[in-house]
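First the structure, in the form of structure tokens, and then the observations on it.
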Amino acid sequence: MLLSELIYVFKNDYSLECLKRGTKEIHLFDKQIALMLSKTCSNIQKKFGVIEQNEQITLIAGTDKYSLTQSFMSIKNIEYWYQGNSASTKVLIQRPVNEIEKQSALNGIPEIFTMLFNSSIPQIWLYPNPTVADTINVNYKLNFNLYSPSQVTTGDFGDYGITGNGFSGNTVFPTLFDNLLLLGLMKQMFKDMETDYRQEAIILLGKLTNGQSMKDYNMQGVVEGGKNLKIVDTSYVKPQIHYGQ
């Protein structure tokens, strides 16, 4: 759905809901709606992990730790490209931090990795310590930032104008998520619509997983109350727990 259409539907539904409830309608500025929309998109991304990003890092001989962008949310996999060739690839195995900590120093082609979160910027720790300038392709779930007034025309949720041009472009999510986005905006105006939002999320998850069990998904708050950006194939979502989200 176009952002302008989504915002139009939201304003229309909000106005009608105020009439039904007999409450005074609050005028919302574009910046306020942009912040509300960014909160909704961030929440959906944390629950569903729909948007992925990948990043190629050229290794440095003798360096075993590499920083990722702050937009990182959770790892999907890391591919090791021999001599930077994506056709010659192996997938590194993720292991716990303590397993690498107890290993003796070793140089060679990395076989395993772990994630470090000791600072605001996440890091990848490779083992063995790389000795050649090969490439790793890091695939991960993208973390959405909240709208900032310093942004002019773009945000994680799409394109918009804040100088009288209104909203433009599309949302970053597939159209299947349009109603959830709308309810995510509405529940910020009417707290009792949280139930509608949760029910829509459960229905949507059922469609994405073909009825697969929800217990492996991060549905807390829903059930209980230069880089390449892509949308994951939403016909199936592999179970994954996003710890700490």
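The chains in the structure tokens are called A, B, ... from first to last as shown; in each chain the residues are counted from 1, and the ligands are counted from 1 in the order shown.
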What are the DSSP helix (DSSP H, G or I) residues of range 66-171 of chain A, as a PDB file with all heavy atoms, in the first residue's frame?
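The result, written out as out.pdb:
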ATOM      1  N   TYR A  82      35.224 -17.804  -0.578  1.00  0.00           N
ATOM      2  CA  TYR A  82      36.641 -18.003  -0.870  1.00  0.00           C
ATOM      3  C   TYR A  82      37.087 -17.027  -1.955  1.00  0.00           C
ATOM      4  O   TYR A  82      36.484 -16.950  -3.029  1.00  0.00           O
ATOM      5  CB  TYR A  82      36.897 -19.438  -1.326  1.00  0.00           C
ATOM      6  CG  TYR A  82      36.660 -20.472  -0.256  1.00  0.00           C
ATOM      7  CD1 TYR A  82      35.433 -21.127  -0.152  1.00  0.00           C
ATOM      8  CD2 TYR A  82      37.646 -20.778   0.675  1.00  0.00           C
ATOM      9  CE1 TYR A  82      35.201 -22.071   0.839  1.00  0.00           C
ATOM     10  CE2 TYR A  82      37.429 -21.725   1.670  1.00  0.00           C
ATOM     11  CZ  TYR A  82      36.203 -22.370   1.749  1.00  0.00           C
ATOM     12  OH  TYR A  82      35.974 -23.295   2.735  1.00  0.00           O
ATOM     13  N   GLN A  83      38.125 -16.251  -1.640  1.00  0.00           N
ATOM     14  CA  GLN A  83      38.678 -15.257  -2.564  1.00  0.00           C
ATOM     15  C   GLN A  83      37.591 -14.308  -3.071  1.00  0.00           C
ATOM     16  O   GLN A  83      37.635 -13.840  -4.207  1.00  0.00           O
ATOM     17  CB  GLN A  83      39.372 -15.949  -3.746  1.00  0.00           C
ATOM     18  CG  GLN A  83      40.556 -16.797  -3.320  1.00  0.00           C
ATOM     19  CD  GLN A  83      41.261 -17.485  -4.493  1.00  0.00           C
ATOM     20  OE1 GLN A  83      40.722 -17.556  -5.594  1.00  0.00           O
ATOM     21  NE2 GLN A  83      42.471 -17.965  -4.247  1.00  0.00           N
ATOM     22  N   GLY A  84      36.607 -14.047  -2.213  1.00  0.00           N
ATOM     23  CA  GLY A  84      35.553 -13.109  -2.556  1.00  0.00           C
ATOM     24  C   GLY A  84      34.566 -13.617  -3.580  1.00  0.00           C
ATOM     25  O   GLY A  84      33.750 -12.857  -4.103  1.00  0.00           O
ATOM     26  N   VAL A  97      29.519 -18.002  22.905  1.00  0.00           N
ATOM     27  CA  VAL A  97      30.748 -17.240  23.153  1.00  0.00           C
ATOM     28  C   VAL A  97      31.766 -18.056  23.923  1.00  0.00           C
ATOM     29  O   VAL A  97      32.955 -18.085  23.584  1.00  0.00           O
ATOM     30  CB  VAL A  97      30.428 -15.936  23.924  1.00  0.00           C
ATOM     31  CG1 VAL A  97      31.713 -15.214  24.308  1.00  0.00           C
ATOM     32  CG2 VAL A  97      29.544 -15.025  23.090  1.00  0.00           C
ATOM     33  N   ASN A  98      31.318 -18.763  24.983  1.00  0.00           N
ATOM     34  CA  ASN A  98      32.274 -19.492  25.829  1.00  0.00           C
ATOM     35  C   ASN A  98      32.976 -20.619  25.080  1.00  0.00           C
ATOM     36  O   ASN A  98      34.062 -21.042  25.469  1.00  0.00           O
ATOM     37  CB  ASN A  98      31.596 -20.017  27.094  1.00  0.00           C
ATOM     38  CG  ASN A  98      30.449 -20.969  26.789  1.00  0.00           C
ATOM     39  OD1 ASN A  98      30.128 -21.239  25.634  1.00  0.00           O
ATOM     40  ND2 ASN A  98      29.821 -21.496  27.841  1.00  0.00           N
ATOM     41  N   GLU A  99      32.375 -21.115  24.020  1.00  0.00           N
ATOM     42  CA  GLU A  99      33.021 -22.185  23.263  1.00  0.00           C
ATOM     43  C   GLU A  99      34.242 -21.663  22.510  1.00  0.00           C
ATOM     44  O   GLU A  99      35.242 -22.357  22.393  1.00  0.00           O
ATOM     45  CB  GLU A  99      32.038 -22.814  22.277  1.00  0.00           C
ATOM     46  CG  GLU A  99      32.617 -24.000  21.524  1.00  0.00           C
ATOM     47  CD  GLU A  99      31.578 -24.787  20.758  1.00  0.00           C
ATOM     48  OE1 GLU A  99      30.458 -24.963  21.291  1.00  0.00           O
ATOM     49  OE2 GLU A  99      31.880 -25.206  19.629  1.00  0.00           O
ATOM     50  N   ILE A 100      34.154 -20.430  22.011  1.00  0.00           N
ATOM     51  CA  ILE A 100      35.308 -19.837  21.336  1.00  0.00           C
ATOM     52  C   ILE A 100      36.325 -19.360  22.355  1.00  0.00           C
ATOM     53  O   ILE A 100      37.540 -19.467  22.145  1.00  0.00           O
ATOM     54  CB  ILE A 100      34.861 -18.677  20.425  1.00  0.00           C
ATOM     55  CG1 ILE A 100      33.975 -19.211  19.292  1.00  0.00           C
ATOM     56  CG2 ILE A 100      36.064 -17.938  19.844  1.00  0.00           C
ATOM     57  CD1 ILE A 100      33.551 -18.176  18.285  1.00  0.00           C
ATOM     58  N   GLU A 101      35.853 -18.867  23.497  1.00  0.00           N
ATOM     59  CA  GLU A 101      36.771 -18.369  24.527  1.00  0.00           C
ATOM     60  C   GLU A 101      37.719 -19.454  25.022  1.00  0.00           C
ATOM     61  O   GLU A 101      38.875 -19.184  25.362  1.00  0.00           O
ATOM     62  CB  GLU A 101      35.973 -17.802  25.701  1.00  0.00           C
ATOM     63  CG  GLU A 101      35.300 -16.480  25.403  1.00  0.00           C
ATOM     64  CD  GLU A 101      34.453 -15.990  26.566  1.00  0.00           C
ATOM     65  OE1 GLU A 101      33.998 -16.843  27.362  1.00  0.00           O
ATOM     66  OE2 GLU A 101      34.249 -14.778  26.677  1.00  0.00           O
TER      67      GLU A 101
END
Task: Long-range neighbours of Trp125 in chain A as number ranges by chain, 8 Å cut-off, only C-alpha atoms, 3 positions minimum in chain - done: A: 64-66, 113-116
Open item on the list: If you run DSSP on the backbone here, which positions in range 55-206 of chain A get strand (DSSP E or B)? Please write them as an MDAnalysis selection string.
Closed with: chainID A and resid 55:58 65:67 72:81 89:91 93:94 107 112:116 123:127 129 135:142 154:155 158:160 167:168 170
TODO: Between CA of Gly184 in chain A and CA of Asn139 in chain A, measure the distance and give it in Å to one decimal.
DONE: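 Computed distance, CA of Gly184 in chain A to CA of Asn139 in chain A, equals 27.6 Å.
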Task: Closest of A:Met73, A:Ile26, A:Ile51, A:Val172 to Leu2 in chain A - atom-to-atom distances counting only C-alpha atoms - done: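 Distance minimum relative to Leu2 in chain A lands on A:Val172.
The smallest atom-to-atom distance between Thr175 in chain A and any of A:Met1, A:Lys207, A:Thr195, A:Lys47, using only C-alpha atoms, is found for A:Met1.
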Task: Counting only C-alpha atoms, the residue of A:Ile112, A:Glu5, A:Asn170, A:Gln53 that sits nearest Tyr127 in chain A - done: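 Smallest distance to Tyr127 in chain A is found for A:Ile112.
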Task: Nearest residue to Ala133 in chain A from the set A:Leu176, A:Leu182, A:Leu59, A:Leu3 (distances using only C-alpha atoms) - done: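 For Ala133 in chain A, the nearest of the candidates is A:Leu59.
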Task: Polymer residues at most 9 Å from range 148-162 of chain A, only C-alpha atoms, same-chain spacing of 6 or more positions, as a VMD selection string - done: chain A and resid 3 to 4 29 to 31 34 to 35 37 to 38 41 to 42 168 to 173
TODO: One decimal, Å: what's the distance from CA of Leu208 in chain A over to CA of Ile7 in chain A, could you say?
DONE: 25.0 Å
TODO: Would you kindly return, as a list in words, each protein, DNA or RNA residue with an atom no farther than 9 Å from any atom of Lys39 in chain A, considering only C-alpha atoms and excluding same-chain residues fewer than 5 positions away?
DONE: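 Skipping anything fewer than 5 positions along the chain leaves Ala34, Ile44, Phe144, Asn145, Leu146, Tyr147, Gly184 and Leu185 of chain A.
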